[in-house]
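Presented below is the structure to which this report refers.
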Amino acid sequence: MSADGGSGGSDGGVGDGIDRTPSPSADVCVVGSGPAGALVAHRLADEGANVVVLEAGPRFEFSERTAQQEQHIRPGMEDPWEMGGPRDAYSTEGRHYPLNAARVKGVGGSTLHWQGMVMRLHERDFEMQTRYGVGTDWPIDYDDLRPYYADAERAFGVAGAMDNPYAPPREEPFPLPAFPPSYSDSLFAEACERLEIDMHSVPNARNSEPYDDRAPCLGYGTCKPVCPSGAKYTAESHVAKAEAAGARVIDRVPVQRLEHDDAGETIEAAVYATPDGTEHRQTAGQFVLACGGVENARLLLLSASEQHPDGLANSSGAVGRFFMDHLFAGAGGRLDEPTRQNHVGFNTSETHQFYDDTEPVEGLKLEFLNYAGPSPVIEALGADTWGDELAEQLNESYGTHVAVGGLVEQLPDAENRITLDPDRRDDHGNPVPHVEWSLGERTERAIRRANEIQHAILGELGASIEWTVGPESTGPAYHQMGTTRMGSDPGQSVVDADCRTHDLSNLWVVGSSVFPTGGAMNPTLTIAALSLRTAEALSASLSDP
Amino acid sequence: MELTRRDALAALAAVGATVGGGVLAGRYDPPRADAASDAGSGSAAEPTLSTDLLDLLDAAAEVVYPSGVDGRRTFVETYVLGRTENQPAYREGLQEAAAQLDAVARDWRGQPYADLDADVRDKLLRDLGVETAEPVADGTITERIRFYVVNDLLFAFYSSPTGGRLVGIENPIGHPGGIESYQRASMSPSSAERSGGTNER
């Protein structure tokens with residue numbers, strides 16, 4: 001069935017009566033409704049453009065958020081964000097990459113399950129090649145992005161304080177006051193002072209007071225993966241603003257491929273499928289890919305044509321290559337006093353003191369965790385006993401844990417990459433993404449350095465060190481980056497400094513897939529800043545085609 | 001340690017249930033073995049409850065909750081009624097699991113589960129393998145009992161402020177207890193303790 005409005009009717013077989021047929025005269029088609037897509041859609045719709053957003057996943061009702069929280073807490077229930085299954089199939093090679101734990105398909109994208117830490121990259125992150133001879137330079141620098149960072153912080157409603165001596169320069173305070181430090185932070189503070197390590201607040205995309213019609217944090221303690229209060233920013237916020245400005249957002253319509261004109265110079269349509277299997281062609285003047293660090297690359301590869309046999313926008317051969325994530329490094333143990341963990345699901349103190357070090361040059365940032373050790377309710381639900389015996393067990397296991405986590409930079413490596421798996425298909429018959437991902441010796445050395453500092457802090461604190469996540473046991477922080485890298489040389493990169501593809505004049509790519517290097521800061525604020533910058537460039541091209 | 005209505009409402013909030021008229025006024029009209037037989041809908045393969053579902057769950061709660069918990073019956077009642085209101089599938093699963101547990105009690109011990117001594121109730125659950133079973137909503141009888149009976153009761157208890165306090169945390173995961181407690185060095189006085197202080201004046 002390929003005709004529009006096929007067997008399932010206009011709602012695509014969902015049964016909700018919502019029209020899922022294409023918009024007749026779209027100026028802009030955005031693929032994906034995570035933070036990148038939502039911000040672009042909102043800005044352009046607000047300026048009067050006719051915008052349609054195609055989202056592969058469903059729209060999750062906010063009224064279900066507490067039920068989803070229960071799904072997270074209780075073993076034996078479904079994934080709250082419904083990830084997995086044939087739609088999301090993938091394969092991996094090298095170090096296992098748990099892709100479906102690392103992303104969400106739905107209106108709001110992966111901000112539905114993210115924790116919400118939002119810090120700016122440092123100046124050096126934009127020029128790692130020039131400064132240190134590693135990685136590659138970005139085609140823009142911190143000053144280019146700086147006003148958009150401020151704009152992104154206002155969009156998210158970031159709670160933060162100007163107390164970080166290692167942060168890059170900024171012009172104005174955060175929109176919301178920072179969350180106060182935890183009691184646990186106060187224990188670390190004394191040890192860090194003796195070690196001359198500076199602690200400072202964490203910028204959180206989480207309401208410390210009401211902001212933008214969203215509630216303040218109520219302390220549910222389950223930020224990642226579900227915030228029932230709505231205090232945590234999700235891109236649902238800008239989806240709603242985009243819709244209020246006239247954009248149309250269609251859920252449950254995974255885009256299958258992009259189709260270009262005869263010359264292979266511009267995109268003409270995004271072909272999407274509704275759940276009943278019907279394919280539709282959404283035409284538009286401009287197309288924006290915003291479907292995450294893996295699917296952005298995959299969709300370009302799936303759209304290979306006679307004119308673009310290696311995939312769209314891939315004359316450089318860089319599409320899918322240079323896949324990066326941040327590595328988690330951590331250590332933890334116990335004190336002989338209460339540490340008051342697991343009241344909230346976010347952190348209130350970090351140190352960026354070691355971020356700009358040159359031995360190693362890989363960025364690393366350390367986080368003082370507010371959720372070290374087990375949560376009693378979660379432990380109870382998996383325990384092998386009950387009654388007084390369980391209460392005794394919980395009393396013994398809860399209450400004295402401490403931990404220092406952290407993110408470590410992974411430099412780009414062309415061999416880490418996303419390709420199409422020729423042997424496996426998704427529910428629409430498309431080859432699934434194949435994730436090849438490994439760590440080099442450089443990254444392992446940087447993780448060991450993070451562990452050294454973490455052990456020193458815990459030792460000074462007087463904690464017994466009970467666990468360490470080092471190079472052997474590390475895993476990704478679920479920040480997929482690098483697969484459609486930005487650059488000024490079309491022979492080496494996929495998109496230009498405005499995030500427009502070098503090869504196709506009306507195709508733009510937003511999200512962390514455009515990061516040439518990833519630093520060691522959680523990427524979403526940079527995703528947002530770049531998206532706002534792209535929206536501006538795209539808007540200019542709409543008014544001056 | 002006393003479980004309060006506030007605890008039950010807190011536990012309900014953690015499962016997204018709102019408290020409607022049914023919770024405040026209603027009770028289950030318990031399906032009993034004889035009633036099922038009278039209706040002609042019972043069968044040997046589908047055991048039915050011989051007691052009020054709430055009696056059975058309270059009896060199970062006495063086993064899975066720590067000793068010395070006051071106000072348990074009201075807590076269980078408020079929680080379960082609110083939890084299953086407008087959730088027919090969950091209610092059906094809970095009812096089936098409870099009926100299975102009751103049937104095992106009658107088979108093995110000759111009495112409804114709720115009528116057994118507490119230590120026998122405890123042993124029966126352990127003999128069924130519930131303590132090490134995975135919670136599976138559509139699994140084996142043992143897995144269903146773990147999911148619907150034991151884990152639902154434990155979830156309600158340990159996500160409530162009173163249950164949390166018993167193990168050192170007044171704002172457990174799942175409970176919207178605000179953003180003050182994480183900043184404090186020790187537990188704040190409970191509302192019961194605070195009201196006690198008021199009375200002392």
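Naming works like this for the structure tokens: A, B, ... for the chains as they're shown, residue 1 at the start of each chain, ligands 1 onward in shown order.
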Near Arg126 in chain B, within 12 Å and counting only C-alpha atoms, which residues show up once chain neighbours fewer than 6 positions away are dropped, as a ChimeraX atom specification? /A:384-386 /B:63-64,101,119-120,132-133,142,145-146,150
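Using only C-alpha atoms, the chain A residues found within 6 Å of chain B amount to Thr66, Ala67, Glu70, Gly76, Ser182, Tyr183, Leu218, Gly219, Tyr220, Gly221, His343, Val377, Leu381, Asp384, Thr385, Trp386, Gly387, Asp388 and Asn395 of chain A.
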Could you pull out all residues of range 151-397 of chain A with a DSSP call of alpha helix (DSSP H) and give them as JSON, numbers by chain? {"A": [151, 152, 153, 154, 155, 156, 183, 184, 185, 186, 187, 188, 189, 190, 191, 192, 193, 194, 236, 237, 238, 239, 240, 241, 242, 243, 244, 292, 293, 294, 295, 296, 297, 298, 299, 300, 301, 302, 376, 377, 378, 379, 380, 381, 387, 388, 389, 390, 391, 392, 393, 394, 395, 396, 397]}
Close residues, Leu299 in chain A itself excluded, 8 Å, only C-alpha atoms, min 5 positions apart in chain, as a PyMOL selection string: chain A and resi 255-258
Atoms to include: N, CA, C and O atoms. Write the selected residues as a PDB file, in the first residue's frame.
```pdb
ATOM      1  N   VAL A 255      10.240   8.132   9.599  1.00  0.00           N
ATOM      2  CA  VAL A 255      10.624   8.460   8.223  1.00  0.00           C
ATOM      3  C   VAL A 255      11.484   7.322   7.678  1.00  0.00           C
ATOM      4  O   VAL A 255      12.428   6.865   8.334  1.00  0.00           O
ATOM      5  N   GLN A 256      11.154   6.871   6.492  1.00  0.00           N
ATOM      6  CA  GLN A 256      11.815   5.730   5.881  1.00  0.00           C
ATOM      7  C   GLN A 256      13.027   6.137   5.040  1.00  0.00           C
ATOM      8  O   GLN A 256      14.030   5.442   4.990  1.00  0.00           O
ATOM      9  N   ARG A 257      12.878   7.270   4.356  1.00  0.00           N
ATOM     10  CA  ARG A 257      13.972   7.751   3.492  1.00  0.00           C
ATOM     11  C   ARG A 257      13.635   9.161   3.022  1.00  0.00           C
ATOM     12  O   ARG A 257      12.481   9.590   3.093  1.00  0.00           O
ATOM     13  N   LEU A 258      14.654   9.831   2.569  1.00  0.00           N
ATOM     14  CA  LEU A 258      14.467  11.141   1.946  1.00  0.00           C
ATOM     15  C   LEU A 258      14.614  10.965   0.437  1.00  0.00           C
ATOM     16  O   LEU A 258      15.452  10.173  -0.014  1.00  0.00           O
TER      17      LEU A 258
END
```
Would you list the contacts of range 149-166 of chain A as a ChimeraX atom specification, taking every protein, DNA or RNA residue within 6 Å and counting only C-alpha atoms, but skipping same-chain residues closer than 3 positions in sequence? /A:146,174-178,200,203-205,233,352,528-529
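CA of Ala191 in chain A lies 8.7 Å from CA of Gly459 in chain A.
Atom pair CA of Asp7 in chain B / CA of Pro189 in chain B has a distance of 15.0 Å (rounded to one decimal).
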For Phe328 in chain A, work out the shell of residues within 7 Å, counting only C-alpha atoms and skipping chain neighbours fewer than 2 positions away, then give it as an MDAnalysis selection string. chainID A and resid 326 330 406:408 474:477
If you keep C-alpha atoms, can you produce a file of those selected residues as an mmCIF file, in the first residue's frame?
```
data_model
loop_
_atom_site.group_PDB
_atom_site.id
_atom_site.type_symbol
_atom_site.label_atom_id
_atom_site.label_comp_id
_atom_site.auth_asym_id
_atom_site.auth_seq_id
_atom_site.Cartn_x
_atom_site.Cartn_y
_atom_site.Cartn_z
ATOM 1 C CA HIS A 326 31.182 10.114 26.956
ATOM 2 C CA GLY A 330 33.190 6.439 39.052
ATOM 3 C CA GLY A 406 32.233 11.630 36.138
ATOM 4 C CA LEU A 407 32.331 11.908 32.386
ATOM 5 C CA VAL A 408 35.425 11.385 30.288
ATOM 6 C CA THR A 474 32.984 1.659 31.951
ATOM 7 C CA GLY A 475 29.983 2.295 29.779
ATOM 8 C CA PRO A 476 28.575 5.112 27.680
ATOM 9 C CA ALA A 477 26.754 8.091 29.172
#
```
Neighbouring residues of Ala231 in chain A were defined as those with any atom within 7 Å, considering only C-alpha atoms; residues of the same chain fewer than 4 positions away were excluded. Please report them as a list in words. Arg206, Asn207, Arg214, Ala215, Pro216 and Cys217 of chain A
Residues just named, written with all heavy atoms as a CSV table (one decimal), in the first residue's frame:
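File written: selection_27.csv
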```csv
chain,number,residue,atom,x,y,z
A,206,ARG,N,16.0,22.0,35.3
A,206,ARG,CA,15.0,21.5,36.2
A,206,ARG,C,14.6,22.7,37.1
A,206,ARG,O,15.4,23.5,37.5
A,206,ARG,CB,15.7,20.4,37.1
A,206,ARG,CG,14.8,19.7,38.1
A,206,ARG,CD,15.7,18.7,38.9
A,206,ARG,NE,17.0,18.4,38.3
A,206,ARG,CZ,17.2,17.5,37.3
A,206,ARG,NH1,16.2,16.7,36.9
A,206,ARG,NH2,18.4,17.3,36.9
A,207,ASN,N,13.3,22.9,37.2
A,207,ASN,CA,12.8,24.1,37.9
A,207,ASN,C,13.1,24.0,39.4
A,207,ASN,O,12.6,23.2,40.1
A,207,ASN,CB,11.3,24.2,37.7
A,207,ASN,CG,10.9,24.6,36.3
A,207,ASN,OD1,11.8,24.9,35.4
A,207,ASN,ND2,9.7,24.8,36.0
A,214,ARG,N,5.7,25.5,34.2
A,214,ARG,CA,6.0,24.1,34.7
A,214,ARG,C,6.2,24.2,36.2
A,214,ARG,O,6.7,25.3,36.7
A,214,ARG,CB,7.2,23.5,34.0
A,214,ARG,CG,6.9,23.1,32.6
A,214,ARG,CD,8.1,22.5,31.9
A,214,ARG,NE,9.2,23.4,31.7
A,214,ARG,CZ,10.4,23.3,32.3
A,214,ARG,NH1,10.7,22.3,33.1
A,214,ARG,NH2,11.3,24.2,32.0
A,215,ALA,N,6.0,23.1,36.9
A,215,ALA,CA,6.0,23.1,38.4
A,215,ALA,C,7.5,23.1,38.8
A,215,ALA,O,8.4,22.8,38.1
A,215,ALA,CB,5.3,21.8,38.9
A,216,PRO,N,7.7,23.5,40.1
A,216,PRO,CA,9.0,23.3,40.7
A,216,PRO,C,9.2,21.8,41.0
A,216,PRO,O,8.3,21.1,41.1
A,216,PRO,CB,9.0,24.1,41.9
A,216,PRO,CG,7.5,24.1,42.3
A,216,PRO,CD,6.7,24.1,41.0
A,217,CYS,N,10.5,21.5,41.2
A,217,CYS,CA,10.8,20.1,41.6
A,217,CYS,C,10.1,19.7,42.9
A,217,CYS,O,10.1,20.5,43.9
A,217,CYS,CB,12.3,19.9,41.8
A,217,CYS,SG,12.8,18.3,42.3
```
